[in-house]
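Chemist: The structure file work-v8.txt (compact mmCIF, C-alpha atoms and all ligand atoms) is provided below.
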```txt
# COMPACT_ATOMS: atom_id res chain seq x y z
CA MET A 29 5.69 -18.25 -2.75
CA THR A 30 4.99 -14.75 -4.03
CA VAL A 31 4.52 -13.25 -7.49
CA ALA A 32 4.73 -9.44 -7.79
CA ARG A 33 4.79 -7.16 -10.82
CA PHE A 34 5.32 -3.43 -11.40
CA THR A 35 4.80 -2.33 -15.01
CA PRO A 36 3.68 0.47 -17.32
CA VAL A 37 -0.07 0.32 -18.02
CA GLY A 38 0.50 -0.23 -21.74
CA ASP A 39 2.60 -3.35 -21.16
CA VAL A 40 -0.19 -5.32 -19.49
CA ARG A 41 -1.52 -8.05 -21.78
CA VAL A 42 -3.56 -10.63 -19.88
CA ASP A 43 -6.16 -12.99 -21.28
CA ALA A 44 -8.88 -12.44 -18.71
CA ALA A 45 -12.02 -10.37 -18.21
CA LEU A 46 -13.26 -8.04 -15.51
CA THR A 47 -16.36 -8.95 -13.50
CA ALA A 48 -19.60 -6.99 -13.86
CA THR A 49 -18.81 -5.28 -10.55
CA GLU A 50 -15.39 -4.22 -11.82
CA PHE A 51 -16.84 -2.95 -15.11
CA ALA A 52 -19.38 -0.87 -13.21
CA ARG A 53 -16.69 0.56 -10.91
CA ARG A 54 -14.48 1.40 -13.87
CA GLU A 55 -17.31 3.24 -15.62
CA ARG A 56 -17.42 5.66 -12.70
CA LEU A 57 -13.89 6.81 -13.51
CA VAL A 58 -13.96 9.94 -15.62
CA ARG A 59 -10.59 9.98 -17.36
CA THR A 60 -9.58 7.57 -20.10
CA GLU A 61 -6.14 6.99 -18.57
CA ASP A 62 -7.76 6.05 -15.26
CA HIS A 63 -9.94 3.50 -17.10
CA ALA A 64 -6.83 1.98 -18.64
CA ALA A 65 -4.92 1.88 -15.36
CA TYR A 66 -7.87 0.33 -13.51
CA THR A 67 -8.25 -2.38 -16.14
CA ALA A 68 -4.52 -3.08 -16.27
CA ALA A 69 -4.20 -3.43 -12.49
CA HIS A 70 -7.22 -5.70 -12.20
CA LEU A 71 -5.93 -7.94 -15.00
CA LEU A 72 -2.34 -7.89 -13.71
CA VAL A 73 -3.40 -9.22 -10.32
CA ARG A 74 -5.11 -12.13 -12.11
CA ALA A 75 -1.86 -12.79 -13.98
CA CYS A 76 0.14 -12.81 -10.72
CA ALA A 77 -2.35 -15.13 -9.02
CA GLY A 78 -2.52 -17.37 -12.08
CA GLU A 79 1.25 -17.75 -12.04
CA LEU A 80 1.23 -18.41 -8.29
CA LEU A 81 -1.46 -21.07 -8.60
CA GLY A 82 -0.46 -22.51 -11.96
CA VAL A 83 -3.86 -21.76 -13.49
CA ALA A 84 -5.05 -19.58 -16.37
CA PRO A 85 -5.96 -15.99 -15.36
CA THR A 86 -9.29 -16.46 -17.16
CA THR A 87 -10.32 -18.88 -14.40
CA LEU A 88 -9.82 -16.31 -11.63
CA SER A 89 -12.41 -13.85 -10.33
CA LEU A 90 -11.46 -10.86 -8.18
CA GLU A 91 -13.68 -9.76 -5.32
CA GLN A 92 -13.41 -6.74 -3.05
CA HIS A 93 -14.85 -5.89 0.31
CA CYS A 94 -14.74 -2.59 2.18
CA PRO A 95 -14.81 -3.09 5.97
CA SER A 96 -15.85 0.55 6.46
CA CYS A 97 -19.03 0.69 4.34
CA GLY A 98 -19.58 -2.92 3.26
CA GLY A 99 -19.13 -2.01 -0.43
CA VAL A 100 -18.05 -4.77 -2.82
CA ASP A 101 -16.51 -2.62 -5.58
CA HIS A 102 -13.60 -1.29 -3.51
CA GLY A 103 -11.65 -2.23 -0.42
CA ARG A 104 -9.52 -5.27 0.31
CA PRO A 105 -9.28 -7.58 -2.72
CA SER A 106 -9.46 -11.36 -2.66
CA LEU A 107 -9.81 -14.23 -5.13
CA ALA A 108 -13.13 -16.03 -5.26
CA GLY A 109 -12.65 -19.65 -4.18
CA HIS A 110 -9.01 -19.19 -3.18
CA GLU A 111 -9.05 -18.22 0.48
CA ASP A 112 -5.43 -19.37 0.86
CA VAL A 113 -4.17 -16.70 -1.54
CA TYR A 114 -3.62 -13.05 -0.62
CA VAL A 115 -3.68 -10.41 -3.35
CA SER A 116 -3.08 -6.67 -3.56
CA LEU A 117 -3.09 -4.22 -6.44
CA SER A 118 -2.42 -0.55 -7.11
CA HIS A 119 -2.65 1.82 -10.05
CA THR A 120 -1.57 5.34 -10.77
CA ARG A 121 -1.57 7.17 -14.08
CA GLY A 122 0.77 5.23 -16.33
CA TYR A 123 1.80 2.47 -13.91
CA VAL A 124 0.26 -0.51 -12.21
CA ALA A 125 1.38 -3.01 -9.60
CA ALA A 126 -0.02 -6.31 -8.36
CA ILE A 127 1.01 -9.10 -6.03
CA ALA A 128 -0.27 -12.56 -5.13
CA SER A 129 1.12 -14.63 -2.28
CA HIS A 130 0.35 -17.42 0.14
CA ALA A 131 1.27 -14.91 2.86
CA PRO A 132 -0.42 -11.58 3.70
CA CYS A 133 0.89 -8.93 1.32
CA GLY A 134 0.40 -5.35 0.17
CA ILE A 135 1.59 -3.34 -2.81
CA ASP A 136 1.52 0.30 -3.87
CA VAL A 137 2.71 2.41 -6.79
CA GLU A 138 2.62 6.21 -6.97
CA LEU A 139 3.92 8.96 -9.21
CA ARG A 140 6.52 11.17 -7.58
CA ALA A 141 4.68 13.60 -5.32
CA ALA A 142 4.71 17.31 -6.15
CA THR A 143 4.17 18.32 -2.55
CA ILE A 144 4.48 16.65 0.83
CA PRO A 145 1.20 16.33 2.77
CA SER A 146 2.27 17.01 6.35
CA ARG A 147 -0.52 14.91 7.84
CA ALA A 148 0.78 11.81 6.05
CA LEU A 149 3.99 11.57 8.07
CA THR A 150 5.05 11.20 11.67
CA GLY A 151 7.37 13.84 13.10
CA ARG A 152 10.37 11.54 12.76
CA GLU A 153 9.48 10.74 9.15
CA SER A 154 9.03 14.44 8.32
CA GLY A 155 12.48 15.16 9.71
CA TRP A 156 14.03 12.38 7.67
CA VAL A 157 12.26 13.46 4.46
CA ARG A 158 13.32 17.10 4.89
CA ALA A 159 16.93 16.01 5.34
CA GLN A 160 17.04 14.22 1.98
CA PRO A 161 18.44 15.89 -1.18
CA ASP A 162 15.06 15.60 -2.95
CA PRO A 163 12.34 15.66 -0.28
CA PRO A 164 9.32 15.04 -2.58
CA ASP A 165 11.06 12.02 -4.09
CA ALA A 166 12.04 10.73 -0.64
CA PHE A 167 8.48 11.29 0.54
CA THR A 168 7.08 9.20 -2.31
CA ARG A 169 9.46 6.32 -1.58
CA LEU A 170 8.43 6.43 2.05
CA TRP A 171 4.76 6.77 1.18
CA VAL A 172 4.57 3.66 -1.04
CA ARG A 173 6.16 1.66 1.79
CA LYS A 174 3.58 3.00 4.16
CA GLU A 175 0.72 2.15 1.81
CA ALA A 176 2.09 -1.35 1.15
CA LEU A 177 2.38 -2.01 4.89
CA ILE A 178 -1.09 -0.62 5.59
CA LYS A 179 -2.54 -2.91 2.91
CA LEU A 180 -0.68 -5.85 4.45
CA GLY A 181 -1.96 -4.83 7.84
CA ALA A 182 1.48 -4.82 9.44
CA PRO A 183 1.45 -1.46 11.23
CA GLY A 184 -1.87 -2.14 12.94
CA PRO A 185 -4.64 0.43 13.25
CA GLY A 186 -3.92 4.12 12.91
CA ARG A 187 -3.92 6.98 10.46
CA PRO A 188 -1.01 7.20 8.00
CA GLY A 189 0.39 10.16 9.92
CA GLU A 190 0.55 8.04 13.07
CA ILE A 191 2.36 5.06 11.52
CA ASP A 192 6.13 5.44 11.46
CA VAL A 193 7.61 3.26 8.71
CA LEU A 194 11.22 4.33 9.16
CA THR A 195 11.28 1.38 11.56
CA ALA A 196 10.15 -1.85 9.96
CA PRO A 197 7.65 -4.10 11.69
CA GLN A 198 8.85 -7.58 12.52
CA GLY A 199 8.61 -10.34 9.94
CA VAL A 200 7.96 -8.33 6.79
CA ARG A 201 9.99 -8.51 3.58
CA LEU A 202 10.03 -5.30 1.51
CA THR A 203 10.84 -4.84 -2.15
CA ALA A 204 11.23 -1.32 -3.54
CA TRP A 205 10.77 -0.42 -7.21
CA SER A 206 11.37 2.80 -9.17
CA SER A 207 11.03 3.86 -12.80
CA GLN A 208 10.85 7.24 -14.55
CA GLY A 209 9.41 9.22 -11.68
CA ALA A 210 7.22 6.48 -10.25
CA HIS A 211 7.95 4.55 -7.08
CA GLY A 212 6.52 1.33 -5.73
CA CYS A 213 6.85 -1.04 -2.81
CA ALA A 214 5.71 -4.59 -2.11
CA ALA A 215 5.46 -5.92 1.44
CA VAL A 216 5.08 -9.61 2.28
CA LYS A 217 4.69 -11.12 5.72
CA THR A 218 7.45 -13.63 6.40
CA GLY A 219 6.90 -14.40 10.05
CA GLY A 220 10.66 -14.29 10.44
CA THR A 221 12.98 -12.41 12.69
CA PRO A 222 12.83 -8.64 13.22
CA ALA A 223 13.99 -6.77 10.16
CA GLY A 224 15.34 -3.81 12.11
CA ASP A 225 15.31 -0.36 10.60
CA TRP A 226 14.23 0.13 7.02
CA PRO A 227 16.98 -0.24 4.41
CA ARG A 228 17.25 3.49 4.03
CA HIS A 229 19.68 3.35 1.15
CA ASP A 230 16.61 2.46 -0.91
CA LEU A 231 15.11 5.78 0.05
CA GLU A 232 18.05 7.89 -0.98
CA GLY A 233 18.77 9.42 -4.34
CA SER A 234 16.29 10.63 -6.90
CA ALA A 235 15.49 10.38 -10.57
CA ALA A 236 14.86 13.27 -12.94
CA TRP A 237 11.15 13.62 -13.50
CA ASN A 238 9.26 16.11 -15.63
CA GLY A 239 5.94 14.37 -16.02
CA PRO A 240 2.56 15.04 -14.43
CA ARG A 241 2.56 15.36 -10.68
CA ARG A 242 0.03 14.92 -7.98
CA PRO A 243 0.29 14.36 -4.25
CA PRO A 244 -0.77 10.90 -3.00
CA ALA A 245 -4.12 11.07 -1.28
CA THR A 246 -4.10 10.70 2.46
CA ARG A 247 -6.28 7.90 3.80
CA SER A 248 -8.52 8.66 6.74
CA SER A 249 -11.58 6.54 6.02
CA CYS A 250 -13.52 4.97 3.17
CA THR A 251 -13.95 7.43 0.30
CA ARG A 252 -15.54 4.87 -2.06
ZN ZN B 301 -16.14 1.66 1.55
```
Would you write the structure of this file as C-alpha cells?
Ligand SMILES: [Zn+2]

Modeler:
Amino acid sequence: MTVARFTPVGDVRVDAALTATEFARRERLVRTEDHAAYTAAHLLVRACAGELLGVAPTTLSLEQHCPSCGGVDHGRPSLAGHEDVYVSLSHTRGYVAAIASHAPCGIDVELRAATIPSRALTGRESGWVRAQPDPPDAFTRLWVRKEALIKLGAPGPGRPGEIDVLTAPQGVRLTAWSSQGAHGCAAVKTGGTPAGDWPRHDLEGSAAWNGPRRPPATRSSCTR
C-alpha cells in the first residue's frame, strides 16, 4: 500500500510537531516561504505515513540520514521505529509532496524551470526535451521523474546527467502530477514486470505559467 500527496503549502493542516532537529534545520532557511514549505512537507509526510499505518501523525517522528556526510538533518528520510515503511518528501516554493509506502519510493515536486541545465540530462534526454513544444516545461516533467527515481534508488549510482529516464527501470510504478506551473512525480517499486519506455504522453503539453521561476538544482554530492 502507498499513500502519496501533492498539495499547495497553504493547504497542509496536520496535527503533529517537528522534532528539535527539524526545527533547527528550518531555522537555517532564510526566506519565510521556505520555512512554510519545509514545515508543510515534514508534516505532510507524517500525514501520509499515519494514513498508511492507521495511526495519528502526532505519534510519528521523522529522522534523516545523509550517507555522504553522516548528517542527521538532511538526506534520506525514515520513520523512527517503523523500519518497514519507506517515506520521501519534497518541497518547492508554494508546493509540497510526500509519500509513504511499504515499498521503496521517491517523490519530487518542482516549479517549472526557467532554463534547462545541460548537465542534468543525457544526450538522448536533451534531444527529446528540445523537440518538445515547450522545452523548459518538458524538462521539468522529466526532471521530477529523475529526482523521484534517484530518491527511490532505481537508476543506481550516477550523476543526474548520466541517468537516462526516458527508459523506465524495471518494476517501478510512476505517477505524474501537475498544477499551475508546478510538476511532480512519485515513483514506487513494484517488483513487477518491465515497464518499458516512459509514458511520454505525460511529458507532452504545457500549462501557462507566469509565476516565479528557478532552475532545479543539479545534484552532484551532499550540499547540506
Ligand atoms: Zn550530507

Chemist: Find, counting only C-alpha atoms, the residue in A:Lys217, A:Asp136, A:Lys174, A:Arg121 that gets nearest to Arg59 in chain A.

Modeler: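 Using only C-alpha atoms, the shortest distance to Arg59 in chain A belongs to A:Arg121.
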
Chemist: With a distance cut-off of 6 Å and only C-alpha atoms, select the neighbouring residues of Ala176 in chain A, excluding the residue or stretch itself and same-chain residues fewer than 6 positions from it, and output the selection as JSON, numbers by chain.

Modeler: {"A": [134, 135, 136, 214, 215]}

Chemist: A:Ile178, A:Cys94, A:Ala126, A:Val100: which is nearest ligand ZN 301 (chain B), counting all atoms listed in the file?

Modeler: A:Cys94

Chemist: With all atoms listed in the file counted, collect every polymer residue having an atom within 7 Å of ligand ZN 301 (chain B); state the result as JSON, numbers by chain.

Modeler: {"A": [94, 95, 96, 97, 98, 99, 102, 103, 250, 251, 252]}

Chemist: CA of Glu50 in chain A to CA of Ala69 in chain A: how many Å, to one decimal?

Modeler: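 Interatomic distance here is 11.2 Å.
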
Chemist: Between CA of Ile127 in chain A and CA of Arg54 in chain A, what is the spacing in Å?

Modeler: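 Interatomic distance here is 20.3 Å.
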
Chemist: Residues within 9 Å of Gly151 in chain A, please, as a PyMOL selection string. Count all atoms listed in the file; anything in the same chain fewer than 3 positions from it doesn't count.

Modeler: chain A and resi 154-156+189-190+192

Chemist: Closest to Leu90 in chain A among A:Leu46, A:Val58, A:Leu139, A:Cys213, using all atoms listed in the file?

Modeler: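 Once distances to Leu90 in chain A are computed over all atoms listed in the file, the minimum belongs to A:Leu46.
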
Chemist: Go through A:Arg53, A:Arg33, A:His63, A:His110 and flag the residue nearest Cys76 in chain A, using all atoms listed in the file for the distances.

Modeler: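 Of all the options, A:Arg33 lies closest to Cys76 in chain A.
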
Chemist: Tell me which of A:Ala148, A:Ala45, A:Ala32, A:Ala166 sits closest to Val115 in chain A, counting all atoms listed in the file.

Modeler: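 Smallest separation from Val115 in chain A among the options: A:Ala32.
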
Chemist: Which one is closest to Asp62 in chain A: A:Lys179, A:Thr120, A:Ala125, A:Thr47? Count only C-alpha atoms.

Modeler: A:Thr120

Chemist: Please compute the CA of Ser146 in chain A-CA of Arg187 in chain A distance, one decimal, in Å.

Modeler: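 CA of Arg187 in chain A lies 12.5 Å from CA of Ser146 in chain A.
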
Chemist: Env of range 80-82 of chain A: 10 Å cut, atoms = only C-alpha atoms, seq-sep filter 5 positions within chain, self excluded. Answer as an mmCIF file with C-alpha atoms, in the coordinates of the input.

Modeler:
```cif
data_model
loop_
_atom_site.group_PDB
_atom_site.id
_atom_site.type_symbol
_atom_site.label_atom_id
_atom_site.label_comp_id
_atom_site.auth_asym_id
_atom_site.auth_seq_id
_atom_site.Cartn_x
_atom_site.Cartn_y
_atom_site.Cartn_z
ATOM 1 C CA MET A 29 5.690 -18.250 -2.750
ATOM 2 C CA THR A 30 4.990 -14.750 -4.030
ATOM 3 C CA VAL A 31 4.520 -13.250 -7.490
ATOM 4 C CA ALA A 32 4.730 -9.440 -7.790
ATOM 5 C CA ARG A 74 -5.110 -12.130 -12.110
ATOM 6 C CA ALA A 75 -1.860 -12.790 -13.980
ATOM 7 C CA HIS A 110 -9.010 -19.190 -3.180
ATOM 8 C CA VAL A 113 -4.170 -16.700 -1.540
ATOM 9 C CA ILE A 127 1.010 -9.100 -6.030
ATOM 10 C CA ALA A 128 -0.270 -12.560 -5.130
ATOM 11 C CA SER A 129 1.120 -14.630 -2.280
ATOM 12 C CA HIS A 130 0.350 -17.420 0.140
#
```

Chemist: Using all atoms listed in the file and a cutoff of 7 Å, can you tell me which residues are near (-9.8, -8.5, 0.9) in the file's coordinates, and write them out as a list in words?

Modeler: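 It turns out the residues near that spot are Gln92, His93, Gly103, Arg104, Pro105 and Ser106 of chain A.
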
Chemist: Just to be explicit: take each residue in the selection above, keep C-alpha atoms, and write the result as a JSON list (two decimals), in the frame of the given file.

Modeler:
```json
[["chain", "number", "residue", "atom", "x", "y", "z"],
["A", 92, "GLN", "CA", -13.41, -6.74, -3.05],
["A", 93, "HIS", "CA", -14.85, -5.89, 0.31],
["A", 103, "GLY", "CA", -11.65, -2.23, -0.42],
["A", 104, "ARG", "CA", -9.52, -5.27, 0.31],
["A", 105, "PRO", "CA", -9.28, -7.58, -2.72],
["A", 106, "SER", "CA", -9.46, -11.36, -2.66]]
```
